[in-house]
file structure_10.txt (compact mmCIF, C-alpha atoms)
# COMPACT_ATOMS: atom_id res chain seq x y z
CA MET M 1 47.17 -33.52 67.53
CA LYS M 2 48.23 -32.35 64.12
CA ARG M 3 46.22 -35.11 62.49
CA TYR M 4 43.09 -34.13 64.42
CA TRP M 5 43.48 -30.52 63.37
CA LEU M 6 43.79 -31.54 59.71
CA LEU M 7 40.68 -33.70 59.98
CA PHE M 8 38.79 -30.81 61.60
CA SER M 9 39.75 -28.33 58.89
CA GLN M 10 38.74 -30.73 56.12
CA THR M 11 35.37 -31.35 57.76
CA VAL M 12 34.70 -27.63 58.10
CA THR M 13 35.64 -27.06 54.46
CA VAL M 14 33.27 -29.80 53.27
CA LEU M 15 30.42 -28.45 55.45
CA LEU M 16 30.93 -24.91 54.16
CA ALA M 17 30.88 -26.19 50.59
CA ILE M 18 27.64 -28.07 51.22
CA TRP M 19 26.10 -25.00 52.88
CA PHE M 20 27.08 -22.78 49.94
CA ILE M 21 25.54 -25.18 47.42
CA VAL M 22 22.31 -25.52 49.41
CA ALA M 23 22.08 -21.74 49.97
CA THR M 24 22.49 -21.15 46.25
CA LEU M 25 20.22 -23.83 44.85
CA LYS M 26 17.70 -24.50 47.67
CA PRO M 27 17.73 -21.51 50.05
CA GLY M 28 14.35 -22.54 51.45
CA TRP M 29 15.97 -25.60 53.14
CA LEU M 30 17.96 -23.32 55.44
CA LEU M 31 14.87 -21.52 56.83
CA SER M 32 13.50 -22.48 60.19
CA PRO M 33 9.85 -23.59 60.40
CA GLY M 34 7.51 -20.61 60.06
CA GLN M 35 10.23 -18.32 58.74
CA ALA M 36 9.26 -16.60 55.45
CA ALA M 37 11.60 -16.56 52.50
CA PRO M 38 13.06 -13.17 51.58
CA THR M 39 11.17 -11.30 48.81
CA VAL M 40 12.02 -8.55 46.33
CA ALA M 41 9.70 -5.54 46.21
CA LEU M 42 8.49 -5.02 42.62
CA PHE M 43 5.98 -2.61 41.10
CA GLN M 44 3.66 -4.07 38.44
CA ALA M 45 1.02 -2.24 36.41
CA PRO M 46 -2.56 -3.50 36.75
CA MET M 47 -3.86 -5.67 33.93
CA ASP M 48 -5.51 -3.64 31.19
CA ARG M 49 -9.07 -4.94 30.92
CA SER M 50 -10.48 -2.13 28.75
CA ALA M 51 -11.65 -3.13 25.28
CA GLY M 52 -10.01 -0.14 23.65
CA GLY M 53 -6.59 -0.69 25.16
CA PRO M 54 -4.39 1.87 26.89
CA PRO M 55 -4.66 5.59 26.01
CA GLY M 56 -3.44 6.28 22.49
CA SER M 57 -3.78 2.65 21.42
CA PHE M 58 -4.90 1.80 17.86
CA ARG M 59 -6.05 -1.64 18.98
CA LEU M 60 -9.67 -1.25 17.90
CA ALA M 61 -8.74 0.25 14.52
CA ALA M 62 -6.28 -2.55 13.83
CA GLN M 63 -8.76 -5.25 14.85
CA LYS M 64 -11.52 -3.67 12.77
CA ALA M 65 -9.48 -3.40 9.57
CA SER M 66 -7.08 -6.35 9.76
CA ALA M 67 -9.73 -9.00 9.19
CA ALA M 68 -10.46 -7.59 5.71
CA VAL M 69 -6.81 -7.40 4.59
CA VAL M 70 -5.61 -10.48 2.73
CA SER M 71 -2.31 -11.86 1.51
CA ILE M 72 -1.97 -12.52 -2.22
CA ASN M 73 0.41 -15.12 -3.63
CA THR M 74 0.85 -15.23 -7.39
CA SER M 75 2.65 -17.64 -9.68
CA LYS M 76 3.71 -17.23 -13.28
CA ALA M 77 4.89 -20.03 -15.54
CA PRO M 78 8.30 -19.49 -17.19
CA LYS M 79 8.07 -18.09 -20.70
CA ARG M 80 8.93 -20.29 -23.62
CA GLY M 81 12.57 -19.92 -24.54
CA GLN M 82 13.69 -18.81 -21.06
CA PRO M 83 15.65 -21.00 -18.66
CA GLY M 84 13.15 -23.33 -17.11
CA GLY M 85 10.67 -22.90 -19.97
CA ALA M 86 9.80 -25.31 -22.75
CA LEU M 87 13.42 -25.46 -23.93
CA ASN M 88 14.41 -26.95 -20.61
CA ASN M 89 13.52 -30.33 -22.14
CA ASP M 90 16.00 -29.81 -24.98
CA PRO M 91 19.20 -31.82 -24.23
CA TRP M 92 21.42 -29.13 -25.82
CA PHE M 93 19.72 -26.46 -23.73
CA ARG M 94 20.27 -28.56 -20.61
CA PHE M 95 23.93 -29.05 -21.60
CA PHE M 96 24.57 -25.28 -21.75
CA PHE M 97 22.24 -24.08 -18.98
CA GLY M 98 22.21 -27.13 -16.74
CA ASP M 99 19.29 -29.05 -15.33
CA THR M 100 17.43 -26.04 -13.99
CA ASP M 101 14.07 -27.71 -13.33
CA SER M 102 12.85 -24.15 -12.91
CA GLU M 103 9.80 -23.50 -10.79
CA PRO M 104 7.17 -20.90 -11.67
CA GLN M 105 7.97 -17.32 -10.76
CA VAL M 106 6.19 -16.35 -7.57
CA GLY M 107 5.04 -12.99 -6.28
CA LEU M 108 3.76 -11.61 -3.03
CA GLY M 109 1.37 -8.81 -2.20
CA SER M 110 -1.70 -7.80 -0.25
CA GLY M 111 -5.32 -6.91 -0.94
CA VAL M 112 -8.42 -5.50 0.73
CA ILE M 113 -11.89 -7.08 0.77
CA VAL M 114 -14.31 -4.26 -0.02
CA SER M 115 -17.54 -6.18 -0.64
CA GLU M 116 -19.41 -9.12 0.84
CA SER M 117 -19.69 -10.37 -2.74
CA GLY M 118 -15.96 -11.14 -2.64
CA TYR M 119 -14.47 -8.17 -4.50
CA ILE M 120 -10.88 -7.38 -3.55
CA LEU M 121 -8.90 -4.24 -4.36
CA THR M 122 -5.16 -4.60 -4.94
CA ASN M 123 -2.40 -3.18 -7.13
CA ASN M 124 -2.16 -4.04 -10.80
CA HIS M 125 1.57 -4.72 -10.44
CA VAL M 126 0.82 -7.37 -7.79
CA ILE M 127 -1.21 -9.57 -10.16
CA GLU M 128 0.03 -8.47 -13.58
CA GLY M 129 0.89 -11.45 -15.78
CA ALA M 130 0.03 -13.99 -13.07
CA ASP M 131 -1.29 -17.39 -14.11
CA GLU M 132 -2.56 -18.31 -10.66
CA ILE M 133 -3.64 -16.06 -7.79
CA ASP M 134 -4.05 -17.48 -4.30
CA VAL M 135 -5.72 -15.37 -1.60
CA ILE M 136 -5.13 -16.09 2.09
CA LEU M 137 -7.51 -14.52 4.59
CA ASN M 138 -6.57 -13.39 8.07
CA ASP M 139 -8.60 -16.31 9.49
CA SER M 140 -6.33 -18.73 7.56
CA ARG M 141 -8.85 -19.57 4.86
CA HIS M 142 -7.43 -19.55 1.37
CA THR M 143 -8.87 -19.76 -2.11
CA ARG M 144 -8.14 -19.02 -5.74
CA ALA M 145 -9.09 -15.60 -7.09
CA ARG M 146 -10.00 -14.49 -10.59
CA VAL M 147 -9.23 -11.12 -12.10
CA ILE M 148 -12.32 -9.02 -12.83
CA GLY M 149 -10.31 -6.22 -14.39
CA SER M 150 -7.25 -4.05 -14.03
CA ASP M 151 -6.26 -0.46 -14.69
CA PRO M 152 -2.52 0.04 -15.28
CA ASP M 153 -2.96 3.84 -15.47
CA SER M 154 -3.89 3.93 -11.77
CA ASP M 155 -2.08 0.67 -10.85
CA LEU M 156 -5.28 -0.84 -9.46
CA ALA M 157 -6.89 -4.23 -10.04
CA VAL M 158 -10.09 -5.91 -8.89
CA LEU M 159 -10.19 -9.59 -7.91
CA LYS M 160 -13.08 -11.79 -6.85
CA ILE M 161 -13.21 -14.76 -4.52
CA GLU M 162 -16.06 -17.15 -3.72
CA LEU M 163 -16.26 -17.60 0.06
CA ASP M 164 -18.99 -17.12 2.65
CA LYS M 165 -19.02 -14.75 5.62
CA LEU M 166 -16.30 -12.50 4.33
CA PRO M 167 -15.05 -9.64 6.51
CA VAL M 168 -15.44 -6.30 4.75
CA ILE M 169 -13.53 -3.08 5.37
CA VAL M 170 -15.39 0.22 5.84
CA LEU M 171 -14.51 2.91 3.30
CA GLY M 172 -13.34 6.21 4.73
CA ASN M 173 -13.16 9.66 3.16
CA SER M 174 -9.72 10.37 1.76
CA ASP M 175 -10.79 13.88 0.68
CA SER M 176 -11.04 14.96 4.33
CA VAL M 177 -7.57 13.68 5.31
CA GLN M 178 -5.09 16.28 6.51
CA VAL M 179 -1.34 16.25 6.99
CA GLY M 180 -0.57 15.03 10.52
CA ASP M 181 -3.52 12.65 10.80
CA PRO M 182 -2.56 9.26 12.29
CA VAL M 183 -2.77 6.26 9.94
CA LEU M 184 -2.07 2.52 10.00
CA ALA M 185 -0.59 0.47 7.15
CA ILE M 186 -1.72 -3.17 7.07
CA GLY M 187 -0.26 -5.83 4.81
CA ASN M 188 2.05 -8.80 4.51
CA PRO M 189 5.60 -7.41 4.20
CA PHE M 190 8.29 -9.86 3.08
CA GLY M 191 5.82 -12.71 3.58
CA VAL M 192 6.32 -12.74 7.36
CA GLY M 193 2.56 -12.55 7.99
CA GLN M 194 0.09 -9.75 8.50
CA THR M 195 1.69 -6.71 10.05
CA VAL M 196 0.31 -3.38 11.30
CA THR M 197 2.52 -0.30 11.33
CA SER M 198 1.60 3.23 12.40
CA GLY M 199 2.54 6.70 11.28
CA ILE M 200 1.01 9.94 10.09
CA VAL M 201 -0.03 11.47 6.80
CA SER M 202 3.10 13.37 5.81
CA ALA M 203 1.89 14.90 2.51
CA LEU M 204 -1.09 14.94 0.17
CA GLY M 205 -1.52 15.12 -3.58
CA ARG M 206 1.90 13.74 -4.44
CA ASN M 207 2.31 13.50 -8.20
CA GLN M 208 4.87 13.62 -11.00
CA LEU M 209 6.64 10.65 -9.42
CA GLY M 210 6.62 8.58 -12.58
CA ILE M 211 4.82 5.69 -10.89
CA ASN M 212 1.38 5.88 -12.55
CA THR M 213 -0.27 7.90 -15.29
CA PHE M 214 -2.75 9.30 -12.77
CA GLU M 215 -1.02 10.22 -9.54
CA ASN M 216 -2.59 11.81 -6.49
CA PHE M 217 -0.89 9.89 -3.71
CA ILE M 218 -1.28 10.09 0.04
CA GLN M 219 2.24 10.10 1.48
CA THR M 220 2.86 8.47 4.85
CA ASP M 221 5.76 7.55 7.10
CA ALA M 222 4.04 4.36 8.28
CA ALA M 223 6.44 1.51 7.47
CA ILE M 224 5.61 0.04 4.04
CA ASN M 225 7.82 -2.70 2.65
CA PRO M 226 7.77 -5.18 -0.28
CA GLY M 227 4.66 -7.31 0.16
CA ASN M 228 2.62 -4.40 1.52
CA SER M 229 1.58 -3.42 -2.02
CA GLY M 230 -2.19 -3.62 -2.35
CA GLY M 231 -2.71 -3.49 1.41
CA ALA M 232 -4.76 -1.02 3.40
CA LEU M 233 -3.95 2.43 4.69
CA VAL M 234 -6.58 3.12 7.36
CA ASP M 235 -7.43 5.97 9.72
CA ALA M 236 -7.54 5.88 13.51
CA SER M 237 -11.06 4.42 13.33
CA GLY M 238 -10.05 1.56 11.03
CA ASN M 239 -11.70 2.99 7.90
CA LEU M 240 -9.96 2.59 4.54
CA LEU M 241 -8.18 5.71 3.30
CA GLY M 242 -6.03 4.27 0.53
CA ILE M 243 -4.33 1.32 -1.15
CA ASN M 244 -0.62 1.10 -0.33
CA THR M 245 1.26 1.16 -3.62
CA ALA M 246 4.89 2.23 -3.54
CA ILE M 247 7.80 3.34 -1.40
CA TYR M 248 10.71 5.66 -1.93
CA SER M 249 13.80 3.64 -1.11
CA ARG M 250 17.47 3.39 -2.00
CA SER M 251 17.88 -0.02 -0.42
CA GLY M 252 14.55 -1.71 -1.22
CA GLY M 253 13.34 -1.36 2.38
CA ASN M 254 11.31 1.26 4.20
CA MET M 255 12.83 4.73 4.50
CA GLY M 256 9.79 6.50 5.91
CA ILE M 257 8.26 7.60 2.59
CA GLY M 258 5.39 5.50 1.31
CA PHE M 259 2.58 6.26 -1.13
CA ALA M 260 -1.05 5.15 -1.17
CA ILE M 261 -3.78 5.61 -3.79
CA PRO M 262 -6.71 7.52 -2.21
CA VAL M 263 -9.83 5.46 -1.60
CA THR M 264 -11.92 7.89 -3.67
CA THR M 265 -9.85 6.99 -6.74
CA ALA M 266 -9.92 3.30 -5.86
CA GLN M 267 -13.70 3.36 -5.47
CA GLN M 268 -14.17 4.96 -8.90
CA VAL M 269 -11.94 2.35 -10.52
CA LEU M 270 -13.70 -0.49 -8.68
CA GLU M 271 -17.18 0.63 -9.69
CA SER M 272 -16.15 1.21 -13.30
CA ILE M 273 -14.47 -2.18 -13.65
CA VAL M 274 -17.35 -4.07 -12.02
CA ARG M 275 -19.93 -2.21 -14.11
CA ASP M 276 -18.20 -1.96 -17.49
CA GLY M 277 -15.27 -4.37 -17.26
CA GLN M 278 -12.88 -1.48 -17.79
CA VAL M 279 -12.18 2.05 -16.62
CA THR M 280 -13.72 4.77 -18.79
CA ARG M 281 -12.20 8.21 -18.33
CA GLY M 282 -13.06 11.65 -19.61
CA TRP M 283 -10.99 13.44 -22.28
CA ILE M 284 -11.21 16.93 -23.78
CA GLY M 285 -8.37 16.97 -26.33
CA VAL M 286 -5.97 19.68 -25.16
CA GLU M 287 -2.23 20.05 -24.65
CA PRO M 288 -1.76 21.56 -21.18
CA SER M 289 1.30 23.06 -19.48
CA ASP M 290 1.96 24.30 -15.98
CA LEU M 291 1.46 28.05 -15.81
CA THR M 292 4.71 30.02 -15.69
CA ALA M 293 5.41 33.74 -15.84
CA GLU M 294 6.97 33.31 -19.29
CA LEU M 295 3.93 31.50 -20.72
CA ALA M 296 1.55 33.99 -19.12
CA GLU M 297 3.46 36.84 -20.71
CA THR M 298 3.63 35.10 -24.08
CA PHE M 299 -0.14 34.59 -24.25
CA GLY M 300 -0.97 37.87 -22.50
CA VAL M 301 -2.99 36.23 -19.77
CA LYS M 302 -3.52 37.71 -16.31
CA ALA M 303 -3.71 34.64 -14.07
CA ASP M 304 -1.71 33.62 -11.00
CA GLU M 305 -2.59 29.92 -10.96
CA GLY M 306 -4.12 27.29 -13.17
CA VAL M 307 -3.08 25.28 -16.23
CA ILE M 308 -2.43 27.03 -19.52
CA ILE M 309 -3.57 25.40 -22.76
CA THR M 310 -0.83 25.50 -25.38
CA GLY M 311 -2.61 23.35 -27.96
CA VAL M 312 -6.17 22.31 -28.81
CA LEU M 313 -7.06 19.25 -30.88
CA GLN M 314 -9.11 20.19 -33.93
CA ASN M 315 -12.73 19.05 -33.59
CA GLY M 316 -12.01 17.72 -30.10
CA PRO M 317 -14.39 18.30 -27.18
CA ALA M 318 -12.49 21.38 -25.96
CA ALA M 319 -12.29 22.92 -29.44
CA GLN M 320 -16.01 22.39 -30.00
CA ALA M 321 -16.72 24.14 -26.69
CA GLY M 322 -14.61 27.16 -27.65
CA ILE M 323 -11.34 26.57 -25.77
CA ARG M 324 -8.39 28.33 -27.41
CA PRO M 325 -4.60 28.16 -27.01
CA GLY M 326 -3.60 30.59 -24.27
CA ASP M 327 -6.67 29.92 -22.13
CA VAL M 328 -5.94 29.12 -18.49
CA ILE M 329 -8.18 26.51 -16.85
CA THR M 330 -8.53 27.29 -13.14
CA ARG M 331 -11.40 25.01 -12.09
CA VAL M 332 -13.03 21.82 -13.37
CA GLY M 333 -16.44 20.88 -12.06
CA GLY M 334 -16.03 23.36 -9.22
CA GLN M 335 -12.70 21.90 -8.08
CA PRO M 336 -9.50 23.96 -8.27
CA VAL M 337 -6.79 23.06 -10.79
CA ARG M 338 -3.22 24.06 -9.94
CA ASN M 339 -1.07 21.89 -12.20
CA VAL M 340 -1.21 19.55 -15.17
CA SER M 341 -1.53 16.45 -12.98
CA GLU M 342 -4.60 17.86 -11.25
CA LEU M 343 -6.17 18.81 -14.57
CA LEU M 344 -5.55 15.31 -15.92
CA THR M 345 -7.11 13.76 -12.82
CA ARG M 346 -10.12 16.11 -12.77
CA VAL M 347 -10.89 15.59 -16.46
CA ALA M 348 -10.41 11.82 -16.23
CA ALA M 349 -13.02 11.71 -13.45
CA LEU M 350 -15.64 13.36 -15.67
CA LYS M 351 -18.34 11.22 -17.22
CA PRO M 352 -18.02 11.08 -21.02
CA GLY M 353 -21.00 12.62 -22.80
CA GLN M 354 -22.07 14.69 -19.80
CA ALA M 355 -21.26 18.42 -19.89
CA ALA M 356 -19.14 19.81 -17.07
CA PRO M 357 -18.34 23.44 -16.14
CA PHE M 358 -14.80 24.74 -16.66
CA ALA M 359 -13.61 28.03 -15.19
CA VAL M 360 -11.32 29.69 -17.75
CA GLN M 361 -9.19 32.83 -17.68
CA ARG M 362 -8.75 34.32 -21.18
CA GLN M 363 -6.38 37.27 -20.97
CA ASN M 364 -8.27 39.68 -18.68
CA GLN M 365 -11.61 37.94 -18.98
CA ALA M 366 -13.01 35.23 -16.69
CA LEU M 367 -15.23 32.72 -18.51
CA ASP M 368 -17.41 29.76 -17.58
CA ILE M 369 -17.41 27.21 -20.41
CA ASN M 370 -19.29 23.92 -20.46
CA ILE M 371 -17.32 21.11 -22.11
CA THR M 372 -18.78 17.72 -22.95
CA PRO M 373 -15.86 15.31 -22.54
CA GLY M 374 -15.31 12.31 -24.77
CA VAL M 375 -13.78 8.93 -23.90
CA ARG M 376 -10.07 9.02 -23.22
CA PRO M 377 -8.27 7.08 -25.97
CA THR M 378 -6.55 3.86 -24.97
CA PRO M 379 -2.79 4.42 -24.59
CA ARG M 380 -0.76 2.98 -27.46
CA ARG M 381 1.21 0.76 -25.11
CA MET M 382 -2.03 -0.97 -24.09
CA GLN M 383 -3.15 -1.46 -27.68
CA GLU M 384 -0.01 -3.35 -28.69

call {"tool": "encode", "arguments": {"input": "structure_10.txt", "output": "structure tokens"}}
result
Amino acid sequence: MKRYWLLFSQTVTVLLAIWFIVATLKPGWLLSPGQAAPTVALFQAPMDRSAGGPPGSFRLAAQKASAAVVSINTSKAPKRGQPGGALNNDPWFRFFFGDTDSEPQVGLGSGVIVSESGYILTNNHVIEGADEIDVILNDSRHTRARVIGSDPDSDLAVLKIELDKLPVIVLGNSDSVQVGDPVLAIGNPFGVGQTVTSGIVSALGRNQLGINTFENFIQTDAAINPGNSGGALVDASGNLLGINTAIYSRSGGNMGIGFAIPVTTAQQVLESIVRDGQVTRGWIGVEPSDLTAELAETFGVKADEGVIITGVLQNGPAAQAGIRPGDVITRVGGQPVRNVSELLTRVAALKPGQAAPFAVQRQNQALDINITPGVRPTPRRMQE
């Protein structure tokens, strides 16, 4: 009897084990014919079939602009006398520095196709000193590019590629942008591939940052990282507002403060380089300073804003027009001037040889003076 009971208990144990395994792995085997398997009630959103995407989506803007944003890979041969340069073949050099077999220095950036003719806008620092420039389109085509011209003062450069059926970005109006407007930054950060980030315009007219000679940046919190330089900052309609140029960062990565060159500036540089091979800027020959209460009192001028002239170059365009030390320039060509950076930008945009109106405050007297600007001299650092 005891043996039968032991056999029974072992059989039951084996059957329960089999049932547990089947119930876990193949529960459908335990259902009787016609019995439905248990289901879990889930709620699933309907498939979005609209072309524009869900409400608030930037899908159309991203699709419109992304095709015209390219990745730029540059290479630069090692300089003679540096590790990996010509001295790398010297046995004594190899003894002290090792067999470096150095490869060319490589760089990474982005660019924007702005013309069906193949013109590309990018940053000067992206292509500066490069021996070879390779452009990769969003459709995976790639080709070599040649430099048409560059402008270190604005950190812009113009490239040209020879391909058919190029996608072209639509230029927007950066002068109408306001703080709080939504924007997208498109580029190739860290070489991971084209990326679109979103944010807003957080400030306008940023200057005195020490990045360029001419600074009038659009500031944005859209994520901009290394590799985004030269890429596009676009509005909610996918139109180009600026060329992403720099970030404020303590770690080298995005901290929510990025800067873009307005498209109005970029367009002027592009047209000047394509037409003349270089950027020609206006110059009037003055030494300006931001207006302060002390300077206003010193020169006896009654003005609340503007740029005070502390020095005038003899026989320069401003001197010939009658500008004197102590004059305060408040407007150039009908546009307000509030600081030295704005005056520099406004004058640089003037066409040399063509007179432009300047609004001037001289002590208690408001004057309108026409100044015919000359050509801005080439900086010494570019002459050397």

call {"tool": "atom_distance", "arguments": {"input": "structure_10.txt", "atom1": "atom CA of M:Thr143", "atom2": "atom CA of M:Ile243"}}
result
21.6 Å

call {"tool": "residues_around", "arguments": {"input": "structure_10.txt", "residues": "M:Thr195", "least_positions_apart": "3", "cutoff": "9 Å", "atoms": "only C-alpha atoms", "output": "PyMOL selection string"}}
result
chain M and resi 66+185-189+192+228

call {"tool": "residues_around", "arguments": {"input": "structure_10.txt", "residues": "stretch 164-174 of chain M", "least_positions_apart": "3", "cutoff": "9 Å", "atoms": "only C-alpha atoms", "output": "list in words"}}
result
Lys64, Ala65, Ser66, Ala67, Ala68, Val69, Val112, Ile113, Val114, Ser115, Glu116, Ser117, Gly118, Val177, Gln178, Ile218, Val234, Asp235, Gly238, Asn239, Leu240, Leu241, Gly242, Pro262, Val263, Thr264 and Gln267 of chain M

call {"tool": "closest_residue", "arguments": {"input": "structure_10.txt", "among": "M:Gln320, M:Gln314, M:Arg275, M:Ala62", "to": "M:Val196", "atoms": "only C-alpha atoms"}}
result
M:Ala62

call {"tool": "closest_residue", "arguments": {"input": "structure_10.txt", "among": "M:Thr330, M:Gln268, M:Asn216, M:Thr310", "to": "M:Thr245", "atoms": "all atoms listed in the file"}}
result
M:Asn216

call {"tool": "atom_distance", "arguments": {"input": "structure_10.txt", "atom1": "atom CA of M:Arg338", "atom2": "atom CA of M:Ser202"}}
result
20.1 Å

call {"tool": "closest_residue", "arguments": {"input": "structure_10.txt", "among": "M:Val340, M:Ile120, M:Ala318, M:Ile133", "to": "M:Gly230", "atoms": "all atoms listed in the file"}}
result
M:Ile120

call {"tool": "residues_near_point", "arguments": {"input": "structure_10.txt", "point": "(5.8, 5.3, -3.3)", "cutoff": "8 Å", "atoms": "only C-alpha atoms", "output": "list of chain:residue names"}}
result
M:Ile211, M:Gln219, M:Thr245, M:Ala246, M:Ile247, M:Tyr248, M:Ile257, M:Gly258, M:Phe259, M:Ala260

call {"tool": "write_last_selection", "arguments": {"input": "structure_10.txt", "atoms": "C-alpha atoms", "output": "PDB file, keeping the file's coordinate frame"}}
result
ATOM      1  CA  ILE M 211       4.820   5.690 -10.890  1.00  0.00           C
ATOM      2  CA  GLN M 219       2.240  10.100   1.480  1.00  0.00           C
ATOM      3  CA  THR M 245       1.260   1.160  -3.620  1.00  0.00           C
ATOM      4  CA  ALA M 246       4.890   2.230  -3.540  1.00  0.00           C
ATOM      5  CA  ILE M 247       7.800   3.340  -1.400  1.00  0.00           C
ATOM      6  CA  TYR M 248      10.710   5.660  -1.930  1.00  0.00           C
ATOM      7  CA  ILE M 257       8.260   7.600   2.590  1.00  0.00           C
ATOM      8  CA  GLY M 258       5.390   5.500   1.310  1.00  0.00           C
ATOM      9  CA  PHE M 259       2.580   6.260  -1.130  1.00  0.00           C
ATOM     10  CA  ALA M 260      -1.050   5.150  -1.170  1.00  0.00           C
TER      11      ALA M 260
END

call {"tool": "atom_distance", "arguments": {"input": "structure_10.txt", "atom1": "atom CA of M:Pro336", "atom2": "atom CA of M:Ile273"}}
result
27.1 Å

call {"tool": "residues_near_point", "arguments": {"input": "structure_10.txt", "point": "(-16.1, 24.8, -19.4)", "cutoff": "9 Å", "atoms": "only C-alpha atoms", "output": "list in words"}}
result
Ala318, Ala321, Gly322, Ile323, Ile329, Arg331, Val332, Gly333, Ala355, Ala356, Pro357, Phe358, Ala359, Val360, Leu367, Asp368, Ile369, Asn370, Ile371 and Thr372 of chain M

call {"tool": "closest_residue", "arguments": {"input": "structure_10.txt", "among": "M:Gly256, M:Gly277, M:Pro373, M:Gly334", "to": "M:Asn225", "atoms": "only C-alpha atoms"}}
result
M:Gly256

call {"tool": "closest_residue", "arguments": {"input": "structure_10.txt", "among": "M:Val147, M:Val179, M:Ile261, M:Ala41", "to": "M:Asp221", "atoms": "all atoms listed in the file"}}
result
M:Val179

call {"tool": "axis_aligned_box", "arguments": {"input": "structure_10.txt", "around": "stretch 371-374 of chain M", "padding_each_side": "6 Å", "output": "JSON"}}
result
{"center_x": -17.0, "center_y": 16.7, "center_z": -23.4, "size_x": 15.5, "size_y": 20.8, "size_z": 14.7}

call {"tool": "closest_residue", "arguments": {"input": "structure_10.txt", "among": "M:Glu342, M:Glu287, M:Asp131, M:Glu271", "to": "M:Val158", "atoms": "only C-alpha atoms"}}
result
M:Glu271

call {"tool": "decode", "arguments": {"input": "structure_10.txt", "residues": "stretch 294-306 of chain M", "atoms": "C-alpha atoms", "output": "short mmCIF file (atom, residue, chain, number, x, y, z; two decimals), in the first residue's frame"}}
result
data_model
loop_
_atom_site.label_atom_id
_atom_site.label_comp_id
_atom_site.auth_asym_id
_atom_site.auth_seq_id
_atom_site.Cartn_x
_atom_site.Cartn_y
_atom_site.Cartn_z
CA GLU M 294 31.07 110.86 -19.05
CA LEU M 295 31.84 111.14 -22.78
CA ALA M 296 28.61 113.04 -23.42
CA GLU M 297 29.54 115.53 -20.71
CA THR M 298 33.11 115.83 -21.96
CA PHE M 299 32.03 116.72 -25.50
CA GLY M 300 28.95 118.67 -24.39
CA VAL M 301 26.55 116.61 -26.44
CA LYS M 302 22.87 116.16 -25.61
CA ALA M 303 22.14 112.62 -26.81
CA ASP M 304 20.72 109.58 -25.01
CA GLU M 305 21.82 106.91 -27.48
CA GLY M 306 24.14 106.45 -30.41
#
